[in-house]
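K.L.:
Dropping in start37.csv, which is CSV, C-alpha atoms:
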```
chain,number,residue,atom,x,y,z
A,1,MET,CA,112.7,50.5,56.5
A,2,PRO,CA,112.6,51.8,52.9
A,3,SER,CA,109.3,51.7,51.2
A,4,VAL,CA,110.7,51.9,47.6
A,5,LYS,CA,114.2,50.6,46.9
A,6,LEU,CA,116.0,50.6,43.6
A,7,LYS,CA,119.0,48.3,43.4
A,8,ALA,CA,121.5,48.5,40.5
A,9,ILE,CA,118.9,49.7,38.0
A,10,ASN,CA,120.2,50.1,34.4
A,11,LYS,CA,118.1,51.1,31.4
A,12,SER,CA,119.1,51.2,27.8
A,13,PHE,CA,117.2,52.1,24.6
A,14,GLY,CA,119.1,50.3,21.9
A,15,GLN,CA,122.7,51.4,22.2
A,16,ARG,CA,121.9,54.5,24.4
A,17,GLN,CA,122.2,53.9,28.1
A,18,VAL,CA,119.8,56.2,29.9
A,19,LEU,CA,120.3,55.0,33.5
A,20,GLN,CA,123.5,53.6,34.9
A,21,HIS,CA,123.6,51.6,38.2
A,22,ILE,CA,120.9,53.5,40.1
A,23,ASP,CA,120.9,52.7,43.9
A,24,MET,CA,118.5,54.7,46.0
A,25,ASP,CA,115.5,54.4,48.2
A,26,VAL,CA,112.4,56.4,49.4
A,27,GLY,CA,111.8,55.8,53.0
A,28,ASP,CA,108.5,55.4,54.8
A,29,GLY,CA,106.8,58.8,54.7
A,30,GLU,CA,109.7,60.4,53.0
A,31,PHE,CA,109.7,63.1,50.2
A,32,VAL,CA,112.6,62.5,47.8
A,33,VAL,CA,113.2,64.8,44.9
A,34,VAL,CA,115.1,63.9,41.8
A,35,VAL,CA,116.7,66.9,40.1
A,36,GLY,CA,118.9,67.3,37.1
A,37,PRO,CA,119.1,68.8,33.6
A,38,SER,CA,116.9,67.7,30.7
A,39,GLY,CA,117.9,64.3,29.4
A,40,CYS,CA,119.6,63.2,32.6
A,41,GLY,CA,117.2,60.2,33.0
A,42,LYS,CA,115.0,61.4,35.9
A,43,SER,CA,111.7,60.9,34.1
A,44,THR,CA,112.8,57.4,32.9
A,45,LEU,CA,113.6,56.6,36.5
A,46,LEU,CA,110.1,57.6,37.6
A,47,ARG,CA,108.5,55.6,34.8
A,48,ILE,CA,110.4,52.5,35.9
A,49,VAL,CA,109.1,52.8,39.4
A,50,ALA,CA,105.6,53.3,38.0
A,51,GLY,CA,105.9,50.2,35.9
A,52,LEU,CA,105.5,52.2,32.6
A,53,GLU,CA,109.1,51.1,31.6
A,54,SER,CA,111.0,48.0,32.5
A,55,PRO,CA,114.7,48.2,33.6
A,56,THR,CA,117.3,46.5,31.4
A,57,SER,CA,118.7,45.1,34.7
A,58,GLY,CA,118.4,45.6,38.4
A,59,GLU,CA,115.7,45.2,41.0
A,60,LEU,CA,112.8,47.3,42.3
A,61,TRP,CA,111.3,46.6,45.7
A,62,PHE,CA,108.2,47.9,47.5
A,63,ASP,CA,108.9,47.1,51.1
A,64,ASP,CA,109.8,43.4,51.0
A,65,ARG,CA,108.0,42.7,47.7
A,66,LEU,CA,110.0,42.4,44.5
A,67,VAL,CA,108.0,44.3,41.9
A,68,THR,CA,110.5,44.5,38.9
A,69,GLN,CA,108.2,42.5,36.7
A,70,VAL,CA,104.8,43.5,38.3
A,71,PRO,CA,102.6,45.4,35.8
A,72,ALA,CA,101.8,49.0,36.5
A,73,HIS,CA,98.1,48.5,37.4
A,74,ALA,CA,99.1,46.1,40.2
A,75,ARG,CA,101.6,48.4,41.9
A,76,ASN,CA,99.1,50.7,43.6
A,77,ILE,CA,101.0,53.9,42.6
A,78,GLY,CA,99.4,57.3,42.6
A,79,MET,CA,101.0,59.3,39.7
A,80,VAL,CA,100.7,63.0,39.0
A,81,PHE,CA,101.8,64.1,35.5
A,82,GLN,CA,103.1,67.4,34.1
A,83,ASN,CA,99.9,68.0,32.0
A,84,TYR,CA,97.5,66.7,34.7
A,85,ALA,CA,96.0,64.1,32.3
A,86,LEU,CA,92.4,64.9,33.2
A,87,TYR,CA,89.5,63.7,31.1
A,88,PRO,CA,88.0,67.0,29.6
A,89,HIS,CA,84.5,65.5,29.0
A,90,MET,CA,84.1,64.4,32.7
A,91,THR,CA,83.3,66.4,35.8
A,92,VAL,CA,85.9,66.6,38.6
A,93,PHE,CA,83.9,64.0,40.5
A,94,ASP,CA,83.9,61.6,37.6
A,95,ASN,CA,87.7,62.2,37.0
A,96,LEU,CA,88.3,61.3,40.7
A,97,ALA,CA,86.0,58.3,40.5
A,98,PHE,CA,87.2,56.8,37.2
A,99,GLY,CA,90.0,54.6,38.6
A,100,MET,CA,88.0,53.3,41.5
A,101,ALA,CA,85.0,52.6,39.2
A,102,ALA,CA,87.2,50.7,36.8
A,103,ARG,CA,88.2,48.4,39.7
A,104,LYS,CA,84.5,47.8,40.6
A,105,THR,CA,84.7,49.7,43.9
A,106,ALA,CA,81.3,50.1,45.5
A,107,PRO,CA,79.6,53.4,44.7
A,108,SER,CA,79.2,54.2,48.4
A,109,GLU,CA,82.9,53.7,49.0
A,110,ILE,CA,83.7,55.9,45.9
A,111,LYS,CA,81.6,58.7,47.3
A,112,HIS,CA,83.1,58.4,50.7
A,113,ARG,CA,86.7,58.5,49.4
A,114,ILE,CA,86.0,61.5,47.1
A,115,ASP,CA,84.3,63.4,49.9
A,116,GLU,CA,87.4,62.9,52.1
A,117,VAL,CA,89.9,63.9,49.5
A,118,ALA,CA,87.8,66.8,48.2
A,119,GLN,CA,87.7,68.2,51.8
A,120,LEU,CA,91.4,67.7,52.3
A,121,LEU,CA,92.3,69.5,49.0
A,122,GLU,CA,89.5,72.1,49.4
A,123,ILE,CA,88.0,71.3,46.0
A,124,GLU,CA,84.4,70.4,47.2
A,125,PRO,CA,82.8,73.3,45.2
A,126,LEU,CA,84.5,72.0,42.0
A,127,LEU,CA,83.2,68.4,42.0
A,128,HIS,CA,80.5,69.1,39.3
A,129,ILE,CA,82.7,71.3,37.1
A,130,ARG,CA,84.6,70.1,34.0
A,131,PRO,CA,88.4,70.6,33.9
A,132,GLY,CA,88.2,73.2,31.1
A,133,ALA,CA,86.5,75.6,33.5
A,134,LEU,CA,89.3,75.3,36.2
A,135,SER,CA,92.4,77.3,36.7
A,136,GLY,CA,95.8,75.7,36.6
A,137,GLY,CA,96.1,75.5,40.3
A,138,GLN,CA,92.7,73.9,40.6
A,139,ARG,CA,93.5,71.3,37.9
A,140,GLN,CA,96.7,70.5,39.8
A,141,ARG,CA,94.7,69.8,42.9
A,142,VAL,CA,92.3,67.6,41.0
A,143,ALA,CA,95.2,65.6,39.6
A,144,VAL,CA,96.6,65.1,43.1
A,145,GLY,CA,93.2,64.1,44.3
A,146,ARG,CA,92.8,61.5,41.6
A,147,ALA,CA,96.0,59.9,42.8
A,148,LEU,CA,95.0,60.2,46.4
A,149,VAL,CA,91.6,58.6,46.3
A,150,ARG,CA,93.3,55.3,45.6
A,151,SER,CA,95.1,55.3,49.0
A,152,PRO,CA,98.3,54.6,47.1
A,153,PHE,CA,101.4,52.8,48.4
A,154,ALA,CA,103.5,55.7,47.0
A,155,PHE,CA,103.2,59.0,45.1
A,156,LEU,CA,105.1,59.6,41.9
A,157,MET,CA,105.1,63.2,40.6
A,158,ASP,CA,106.6,64.2,37.2
A,159,GLU,CA,107.2,68.0,37.1
A,160,PRO,CA,103.6,68.7,38.3
A,161,LEU,CA,104.1,72.4,38.7
A,162,SER,CA,106.0,73.3,35.5
A,163,ASN,CA,102.8,74.6,33.7
A,164,LEU,CA,102.0,77.1,36.4
A,165,ASP,CA,103.0,80.7,36.6
A,166,ALA,CA,105.7,81.6,39.1
A,167,LEU,CA,103.5,82.9,41.9
A,168,LEU,CA,101.1,80.0,41.7
A,169,ARG,CA,104.0,77.5,41.5
A,170,GLU,CA,105.4,78.9,44.8
A,171,ARG,CA,102.0,78.6,46.5
A,172,MET,CA,101.5,75.1,45.2
A,173,ARG,CA,105.0,74.0,46.4
A,174,VAL,CA,103.9,74.9,50.0
A,175,GLU,CA,100.5,73.2,49.6
A,176,LEU,CA,102.0,70.0,48.2
A,177,ARG,CA,104.6,69.8,51.0
A,178,ARG,CA,101.9,70.5,53.6
A,179,LEU,CA,99.7,67.8,52.1
A,180,HIS,CA,102.6,65.3,52.2
A,181,ASP,CA,103.3,66.2,55.9
A,182,ARG,CA,99.7,65.3,56.7
A,183,MET,CA,99.4,62.1,54.7
A,184,ARG,CA,103.0,60.8,55.1
A,185,ILE,CA,102.8,58.8,51.8
A,186,PRO,CA,106.3,58.0,50.4
A,187,THR,CA,106.8,60.4,47.5
A,188,LEU,CA,109.3,60.5,44.6
A,189,TYR,CA,109.2,63.8,42.9
A,190,VAL,CA,110.9,64.7,39.6
A,191,THR,CA,111.8,68.2,38.6
A,192,HIS,CA,114.4,70.3,36.7
A,193,ASP,CA,113.7,73.2,39.1
A,194,GLN,CA,116.4,73.3,41.8
A,195,THR,CA,114.2,75.7,43.9
A,196,GLU,CA,111.4,73.1,44.1
A,197,ALA,CA,114.0,70.5,45.0
A,198,MET,CA,115.6,72.6,47.7
A,199,THR,CA,112.4,73.7,49.3
A,200,MET,CA,110.3,70.5,49.2
A,201,ALA,CA,112.7,67.6,49.7
A,202,ASP,CA,113.6,65.6,52.7
A,203,ARG,CA,116.4,64.3,50.5
A,204,MET,CA,117.6,65.2,47.1
A,205,VAL,CA,119.1,63.2,44.3
A,206,VAL,CA,121.1,65.1,41.7
A,207,MET,CA,121.5,63.3,38.4
A,208,ARG,CA,123.6,63.8,35.3
A,209,ASN,CA,123.9,61.6,32.2
A,210,GLY,CA,122.0,58.8,33.8
A,211,ARG,CA,124.0,58.6,37.0
A,212,ILE,CA,123.4,59.7,40.6
A,213,LEU,CA,126.1,62.3,41.4
A,214,GLN,CA,125.0,63.0,44.9
A,215,LEU,CA,122.2,62.1,47.3
A,216,GLY,CA,121.4,63.6,50.7
A,217,ARG,CA,119.6,66.4,52.5
A,218,PRO,CA,119.2,69.6,50.6
A,219,GLU,CA,121.5,71.5,53.0
A,220,GLU,CA,124.2,68.8,52.6
A,221,LEU,CA,124.2,69.1,48.8
A,222,TYR,CA,124.2,72.9,48.9
A,223,HIS,CA,126.9,73.3,51.5
A,224,ARG,CA,129.0,70.3,50.5
A,225,PRO,CA,128.6,69.6,46.8
A,226,SER,CA,130.5,66.5,45.7
A,227,THR,CA,131.4,67.8,42.2
A,228,VAL,CA,131.7,70.9,40.2
A,229,PHE,CA,128.4,70.1,38.5
A,230,VAL,CA,126.5,69.8,41.7
A,231,ALA,CA,128.1,73.0,43.0
A,232,GLN,CA,127.0,75.1,40.1
A,233,PHE,CA,123.6,73.3,39.5
A,234,LEU,CA,122.4,74.3,43.0
A,235,GLY,CA,122.1,77.9,44.0
A,236,SER,CA,120.9,81.1,42.5
A,237,PRO,CA,123.2,82.7,41.7
A,238,PRO,CA,125.3,79.5,41.3
A,239,MET,CA,128.7,79.0,43.0
A,240,ASN,CA,131.6,81.0,41.8
A,241,LEU,CA,134.4,78.8,40.4
A,242,VAL,CA,137.9,80.1,39.7
A,243,SER,CA,140.7,78.1,38.2
A,244,VAL,CA,143.9,78.7,40.2
A,245,LYS,CA,147.4,77.3,39.9
A,246,VAL,CA,149.2,75.9,43.0
A,247,LEU,CA,152.7,77.5,43.5
A,248,PRO,CA,155.6,75.4,44.8
A,249,ASP,CA,155.2,76.8,48.3
A,250,LYS,CA,151.5,75.8,48.2
A,251,ARG,CA,150.2,79.3,47.6
A,252,VAL,CA,147.5,79.6,45.0
A,253,ALA,CA,147.4,82.2,42.2
A,254,LEU,CA,145.4,83.2,39.2
A,255,ALA,CA,147.3,82.2,36.0
A,256,GLY,CA,149.6,85.0,34.9
A,257,LYS,CA,148.0,87.5,37.1
A,258,ASP,CA,149.3,87.1,40.6
A,259,PRO,CA,153.0,86.0,40.9
A,260,GLN,CA,152.9,86.4,44.7
A,261,GLY,CA,149.9,84.2,45.2
A,262,ILE,CA,147.6,83.8,48.1
A,263,PRO,CA,148.7,81.8,51.2
A,264,ILE,CA,146.3,79.1,52.2
A,265,PRO,CA,145.8,77.2,55.5
A,266,ALA,CA,147.9,74.1,56.2
A,267,ARG,CA,145.0,71.6,56.2
A,268,ILE,CA,144.0,72.8,52.7
A,269,ARG,CA,147.6,72.5,51.5
A,270,GLU,CA,147.7,68.9,52.7
A,271,GLN,CA,144.5,67.9,50.9
A,272,ILE,CA,145.5,69.6,47.7
A,273,GLY,CA,148.6,67.4,47.7
A,274,GLY,CA,150.7,67.5,44.5
A,275,ARG,CA,148.1,69.0,42.2
A,276,ASN,CA,149.2,71.9,40.0
A,277,VAL,CA,145.8,73.3,39.1
A,278,VAL,CA,142.6,73.3,41.1
A,279,TRP,CA,139.1,74.8,41.1
A,280,LEU,CA,138.4,77.2,43.9
A,281,GLY,CA,134.7,77.8,44.7
A,282,PHE,CA,132.6,80.0,46.9
A,283,ARG,CA,128.9,80.9,47.2
A,284,PRO,CA,128.0,84.5,46.2
A,285,GLU,CA,126.3,85.1,49.6
A,286,ARG,CA,129.6,84.2,51.4
A,287,VAL,CA,131.6,87.1,50.0
A,288,VAL,CA,132.3,89.9,52.5
A,289,PRO,CA,133.5,93.4,51.6
A,290,GLN,CA,136.8,94.1,53.6
A,291,THR,CA,135.3,97.4,54.7
A,292,HIS,CA,133.0,95.3,57.0
A,293,GLY,CA,136.0,94.5,59.3
A,294,ALA,CA,138.8,92.0,59.4
A,295,VAL,CA,137.8,88.5,58.4
A,296,GLU,CA,140.4,85.7,58.1
A,297,GLY,CA,140.0,84.2,54.7
A,298,LEU,CA,140.6,84.4,51.0
A,299,ASP,CA,141.4,88.0,50.2
A,300,PHE,CA,141.2,89.3,46.6
A,301,THR,CA,140.3,92.4,44.6
A,302,ALA,CA,137.4,92.3,42.1
A,303,THR,CA,136.2,94.7,39.5
A,304,VAL,CA,132.5,95.6,39.4
A,305,HIS,CA,130.7,95.5,36.0
A,306,THR,CA,127.0,95.4,36.6
A,307,VAL,CA,124.6,95.4,39.5
A,308,GLU,CA,121.1,93.7,39.5
A,309,THR,CA,118.5,95.0,41.9
A,310,LEU,CA,116.3,92.3,43.5
A,311,GLY,CA,114.4,94.3,46.1
A,312,ALA,CA,116.1,93.6,49.4
A,313,ARG,CA,119.4,92.5,47.9
A,314,TYR,CA,121.7,93.1,45.0
A,315,HIS,CA,123.6,90.7,42.7
A,316,VAL,CA,126.9,92.2,41.8
A,317,HIS,CA,128.6,90.8,38.7
A,318,GLY,CA,132.3,91.4,38.2
A,319,THR,CA,135.6,89.8,37.6
A,320,TRP,CA,138.5,88.5,39.7
A,321,GLY,CA,141.4,88.8,37.2
A,322,GLU,CA,139.8,87.4,34.1
A,323,SER,CA,137.4,85.1,35.9
A,324,PRO,CA,133.7,86.2,36.2
A,325,ILE,CA,132.3,86.1,39.7
A,326,THR,CA,129.1,87.2,41.4
A,327,TRP,CA,128.4,88.2,45.0
A,328,VAL,CA,125.3,89.2,46.9
A,329,THR,CA,124.9,92.3,49.1
A,330,THR,CA,122.2,94.2,50.8
A,331,GLU,CA,124.0,97.6,50.3
A,332,ARG,CA,123.8,99.4,47.0
A,333,GLU,CA,125.9,102.5,48.0
A,334,GLY,CA,129.2,102.8,46.1
A,335,LEU,CA,128.5,100.0,43.7
A,336,THR,CA,129.2,101.6,40.3
A,337,GLY,CA,130.6,100.2,37.1
A,338,SER,CA,134.3,99.5,36.9
A,339,ILE,CA,135.2,100.3,40.5
A,340,LYS,CA,137.5,97.9,42.3
A,341,MET,CA,136.5,96.3,45.6
A,342,LYS,CA,138.5,94.4,48.2
A,343,LEU,CA,136.6,91.2,49.1
A,344,THR,CA,137.1,88.3,51.5
A,345,VAL,CA,135.6,84.8,51.7
A,346,PRO,CA,136.1,83.1,55.1
A,347,TRP,CA,138.3,80.0,54.7
A,348,ASP,CA,135.6,77.9,56.2
A,349,ARG,CA,133.3,78.9,53.3
A,350,VAL,CA,135.8,78.0,50.4
A,351,HIS,CA,135.4,74.8,48.4
A,352,TRP,CA,138.2,73.1,46.5
A,353,PHE,CA,137.8,70.7,43.5
A,354,ASP,CA,140.2,68.6,41.6
A,355,ALA,CA,140.6,70.2,38.1
A,356,ALA,CA,140.9,66.8,36.3
A,357,THR,CA,138.1,64.8,38.0
A,358,GLU,CA,136.0,67.9,39.1
A,359,GLU,CA,135.4,66.1,42.4
A,360,ARG,CA,135.5,67.7,45.8
A,361,MET,CA,138.8,67.7,47.6
A,362,VAL,CA,138.1,70.1,50.5
A,363,SER,CA,134.8,71.6,51.7
A,364,PRO,CA,133.7,74.0,54.4
A,365,ASP,CA,133.1,72.5,57.8
A,366,ARG,CA,134.0,69.1,56.4
A,367,GLU,CA,133.5,67.2,59.7
A,368,SER,CA,130.2,68.8,60.5
A,369,ILE,CA,127.8,67.4,57.9
A,370,PRO,CA,128.1,63.7,56.6
A,371,VAL,CA,127.5,63.4,52.9
A,372,GLN,CA,126.6,60.2,50.9
A,373,VAL,CA,127.8,60.3,47.3
A,374,GLY,CA,126.2,58.2,44.7
A,375,GLY,CA,124.1,56.0,47.0
A,376,THR,CA,121.7,55.9,49.9
A,377,LEU,CA,122.1,57.3,53.4
```
Give the structure from this file in structure tokens form.
P.N.:
Amino acid sequence: MPSVKLKAINKSFGQRQVLQHIDMDVGDGEFVVVVGPSGCGKSTLLRIVAGLESPTSGELWFDDRLVTQVPAHARNIGMVFQNYALYPHMTVFDNLAFGMAARKTAPSEIKHRIDEVAQLLEIEPLLHIRPGALSGGQRQRVAVGRALVRSPFAFLMDEPLSNLDALLRERMRVELRRLHDRMRIPTLYVTHDQTEAMTMADRMVVMRNGRILQLGRPEELYHRPSTVFVAQFLGSPPMNLVSVKVLPDKRVALAGKDPQGIPIPARIREQIGGRNVVWLGFRPERVVPQTHGAVEGLDFTATVHTVETLGARYHVHGTWGESPITWVTTEREGLTGSIKMKLTVPWDRVHWFDAATEERMVSPDRESIPVQVGGTL
């Protein structure tokens, strides 16, 4: 049963509609990450669940309890903010104790809960230090601890790692996920960082312009994006997208560059239907140099322009016709500027999108992974 359920949630500020018909849930013990560009409505969504904003319409349920009009202090939510929101004049112990003391919790119970949480988060040596003397990672642990001591019904996290440096952010991702796996408290986590979303989530929600574009497991969204936006938002480097025209015999060709076209499998021809122009997409890591042996798939010739070295792998930036593309390889030899390379993408790794709606028509392994678009699984 879902612990947190949003049903047809809409939110407007004056004439501006920020959230549009949001239907989603966070299951018992589940870690759900909401991701999207700035201004897409993800923080407003979190604030509605916390009770800091009221929806214009729709319902919010905690288990079988309707809480749409319940004030924030009565929802028993543990919230972790981007800036940690610690009281600088208080010690770590007093920061952790503040909420419980305000609710008249017995001092012995406060100490017991803080001792438990401090041990769990390994912040016992910090209890008598003020936040100004702590590192960013230590402050983040204290902020999590302050939410945890309340034994919350659910966790809400609003970009809690964004103020940390890259190395610490990576370590804290692992620690937060490990903490969740031990506590199994339903968690709704908001971020603009797709790496955080992909590595931490049980399920992901991709938002744009106040709407849910796709919801599902990270691997589902990555391998079977529902739209052009989702395809390019997830992945580093992002998915390559090339506009191609569909010839009368159902071959596809780059506009003005390839009068012969490229033959495509029958099942793809059937799903493209009568469209004249479509988007063809493929992930950079799915590109195979034809020198590696025969692979049945989309064959084309690309021109190399620049090569980025990233330690164990290289990002090759080039063009196919006039379309910029990127592919990933572990071999640097022979990759010099302006050379031409024959490349292949296996047919089962090629995506096809409608040029007008930008929605998926055909995806790799389309029967193997169920995808839920715009709602709950």
K.L.:
A:Val316, A:Val230, A:Leu164, A:Ala201: which is nearest Gln214 (chain A), counting all atoms listed in the file?
P.N.:
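The answer is A:Val230, which sits nearest to Gln214 (chain A).
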K.L.:
Return the single residue from A:Glu159, A:Glu296, A:Asp23, A:Glu358 that is closest to Ala8 (chain A), with distances computed using all atoms listed in the file.
P.N.:
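Using all atoms listed in the file, the shortest distance to Ala8 (chain A) belongs to A:Asp23.
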K.L.:
Would you compute the distance between CA of Ala133 (chain A) and CA of Gly99 (chain A)? Give it in Å to one decimal.
P.N.:
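If I compute the distance from CA of Ala133 (chain A) to CA of Gly99 (chain A), I get 21.9 Å.
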K.L.:
Skipping near chain neighbours, those fewer than 4 positions away, what residues fall within 12 Å of Thr291 (chain A) using all atoms listed in the file, listed as an NGL selection string?
P.N.:
:A and (287 or 295 or 334 or 341-344)
K.L.:
If you count only C-alpha atoms, which residues fall within 6 Å of region 139-150 of chain A, apart from same-chain ones fewer than 2 positions away, as a PyMOL selection string?
P.N.:
chain A and resi 78-79+84+96+113+136-137+152
K.L.:
Pick out the residues sitting within 9 Å of Trp347 (chain A), and hand them over as a PDB file with C-alpha atoms, in the coordinates of the input; count all atoms listed in the file, and ignore anything fewer than 4 positions along from it in its own chain.
P.N.:
```pdb
ATOM      1  CA  ILE A 264     146.300  79.100  52.200  1.00  0.00           C
ATOM      2  CA  PRO A 265     145.800  77.200  55.500  1.00  0.00           C
ATOM      3  CA  GLU A 296     140.400  85.700  58.100  1.00  0.00           C
ATOM      4  CA  GLY A 297     140.000  84.200  54.700  1.00  0.00           C
ATOM      5  CA  LEU A 298     140.600  84.400  51.000  1.00  0.00           C
ATOM      6  CA  HIS A 351     135.400  74.800  48.400  1.00  0.00           C
ATOM      7  CA  PRO A 364     133.700  74.000  54.400  1.00  0.00           C
TER       8      PRO A 364
END
```
K.L.:
Quote the spacing between CA of Ser12 (chain A) and CA of Thr56 (chain A) in Å to one decimal place.
P.N.:
6.2 Å
K.L.:
Just checking: using all atoms listed in the file, which residue out of A:Gly210, A:Gly132, A:Pro160, A:Pro218 ends up closest to Lys42 (chain A)?
P.N.:
A:Gly210
K.L.:
Would you mind telling me which residue in A:Lys104, A:Arg269, A:Lys5, A:Lys11 lies nearest to Asp63 (chain A) when using only C-alpha atoms?
P.N.:
A:Lys5
K.L.:
Can you pull out the residues contacting Ala253 (chain A)? Cut-off 12 Å, using only C-alpha atoms, and skip same-chain residues under 4 positions away; I want them as number ranges by chain.
P.N.:
A: 242-249, 257-264, 276-280, 298-300, 320-321
K.L.:
A:Val67, A:Ile77, A:Met157, A:Val362: which is nearest Arg267 (chain A), counting all atoms listed in the file?
P.N.:
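For Arg267 (chain A), the nearest of the given residues is A:Val362.
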K.L.:
What does the distance between CA of Ile114 (chain A) and CA of Val33 (chain A) come to in Å, to one decimal place?
P.N.:
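These two atoms are separated by 27.5 Å.
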K.L.:
Output region 135-153 of chain A with N, CA and C atoms present, as a PDB file, in the frame of the given file.
P.N.:
```pdb
ATOM      1  N   SER A 135      91.092  76.673  36.866  1.00  0.00           N
ATOM      2  CA  SER A 135      92.400  77.300  36.700  1.00  0.00           C
ATOM      3  C   SER A 135      93.504  76.250  36.800  1.00  0.00           C
ATOM      4  N   GLY A 136      94.726  76.654  36.496  1.00  0.00           N
ATOM      5  CA  GLY A 136      95.800  75.700  36.600  1.00  0.00           C
ATOM      6  C   GLY A 136      96.039  75.118  37.933  1.00  0.00           C
ATOM      7  N   GLY A 137      95.925  75.951  38.951  1.00  0.00           N
ATOM      8  CA  GLY A 137      96.100  75.500  40.300  1.00  0.00           C
ATOM      9  C   GLY A 137      94.989  74.487  40.712  1.00  0.00           C
ATOM     10  N   GLN A 138      93.761  74.767  40.262  1.00  0.00           N
ATOM     11  CA  GLN A 138      92.700  73.900  40.600  1.00  0.00           C
ATOM     12  C   GLN A 138      92.820  72.526  39.853  1.00  0.00           C
ATOM     13  N   ARG A 139      93.265  72.560  38.610  1.00  0.00           N
ATOM     14  CA  ARG A 139      93.500  71.300  37.900  1.00  0.00           C
ATOM     15  C   ARG A 139      94.597  70.485  38.577  1.00  0.00           C
ATOM     16  N   GLN A 140      95.601  71.188  39.073  1.00  0.00           N
ATOM     17  CA  GLN A 140      96.700  70.500  39.800  1.00  0.00           C
ATOM     18  C   GLN A 140      96.167  69.793  41.010  1.00  0.00           C
ATOM     19  N   ARG A 141      95.280  70.437  41.748  1.00  0.00           N
ATOM     20  CA  ARG A 141      94.700  69.800  42.900  1.00  0.00           C
ATOM     21  C   ARG A 141      93.851  68.604  42.574  1.00  0.00           C
ATOM     22  N   VAL A 142      93.119  68.705  41.483  1.00  0.00           N
ATOM     23  CA  VAL A 142      92.300  67.600  41.000  1.00  0.00           C
ATOM     24  C   VAL A 142      93.193  66.401  40.653  1.00  0.00           C
ATOM     25  N   ALA A 143      94.300  66.694  39.961  1.00  0.00           N
ATOM     26  CA  ALA A 143      95.200  65.600  39.600  1.00  0.00           C
ATOM     27  C   ALA A 143      95.797  64.927  40.795  1.00  0.00           C
ATOM     28  N   VAL A 144      96.136  65.705  41.815  1.00  0.00           N
ATOM     29  CA  VAL A 144      96.600  65.100  43.100  1.00  0.00           C
ATOM     30  C   VAL A 144      95.508  64.303  43.725  1.00  0.00           C
ATOM     31  N   GLY A 145      94.294  64.848  43.712  1.00  0.00           N
ATOM     32  CA  GLY A 145      93.200  64.100  44.300  1.00  0.00           C
ATOM     33  C   GLY A 145      92.873  62.818  43.642  1.00  0.00           C
ATOM     34  N   ARG A 146      93.012  62.773  42.325  1.00  0.00           N
ATOM     35  CA  ARG A 146      92.800  61.500  41.600  1.00  0.00           C
ATOM     36  C   ARG A 146      93.738  60.434  42.025  1.00  0.00           C
ATOM     37  N   ALA A 147      94.995  60.844  42.287  1.00  0.00           N
ATOM     38  CA  ALA A 147      96.000  59.900  42.800  1.00  0.00           C
ATOM     39  C   ALA A 147      95.691  59.495  44.221  1.00  0.00           C
ATOM     40  N   LEU A 148      95.206  60.455  44.992  1.00  0.00           N
ATOM     41  CA  LEU A 148      95.000  60.200  46.400  1.00  0.00           C
ATOM     42  C   LEU A 148      93.861  59.352  46.778  1.00  0.00           C
ATOM     43  N   VAL A 149      92.795  59.392  45.987  1.00  0.00           N
ATOM     44  CA  VAL A 149      91.600  58.600  46.300  1.00  0.00           C
ATOM     45  C   VAL A 149      91.877  57.112  46.310  1.00  0.00           C
ATOM     46  N   ARG A 150      92.952  56.712  45.661  1.00  0.00           N
ATOM     47  CA  ARG A 150      93.300  55.300  45.600  1.00  0.00           C
ATOM     48  C   ARG A 150      93.950  54.765  46.829  1.00  0.00           C
ATOM     49  N   SER A 151      94.265  55.643  47.792  1.00  0.00           N
ATOM     50  CA  SER A 151      95.100  55.300  49.000  1.00  0.00           C
ATOM     51  C   SER A 151      96.354  54.561  48.485  1.00  0.00           C
ATOM     52  N   PRO A 152      97.190  55.261  47.712  1.00  0.00           N
ATOM     53  CA  PRO A 152      98.300  54.600  47.100  1.00  0.00           C
ATOM     54  C   PRO A 152      99.424  54.212  48.030  1.00  0.00           C
ATOM     55  N   PHE A 153     100.192  53.224  47.613  1.00  0.00           N
ATOM     56  CA  PHE A 153     101.400  52.800  48.400  1.00  0.00           C
ATOM     57  C   PHE A 153     102.431  53.931  48.333  1.00  0.00           C
TER      58      PHE A 153
END
```
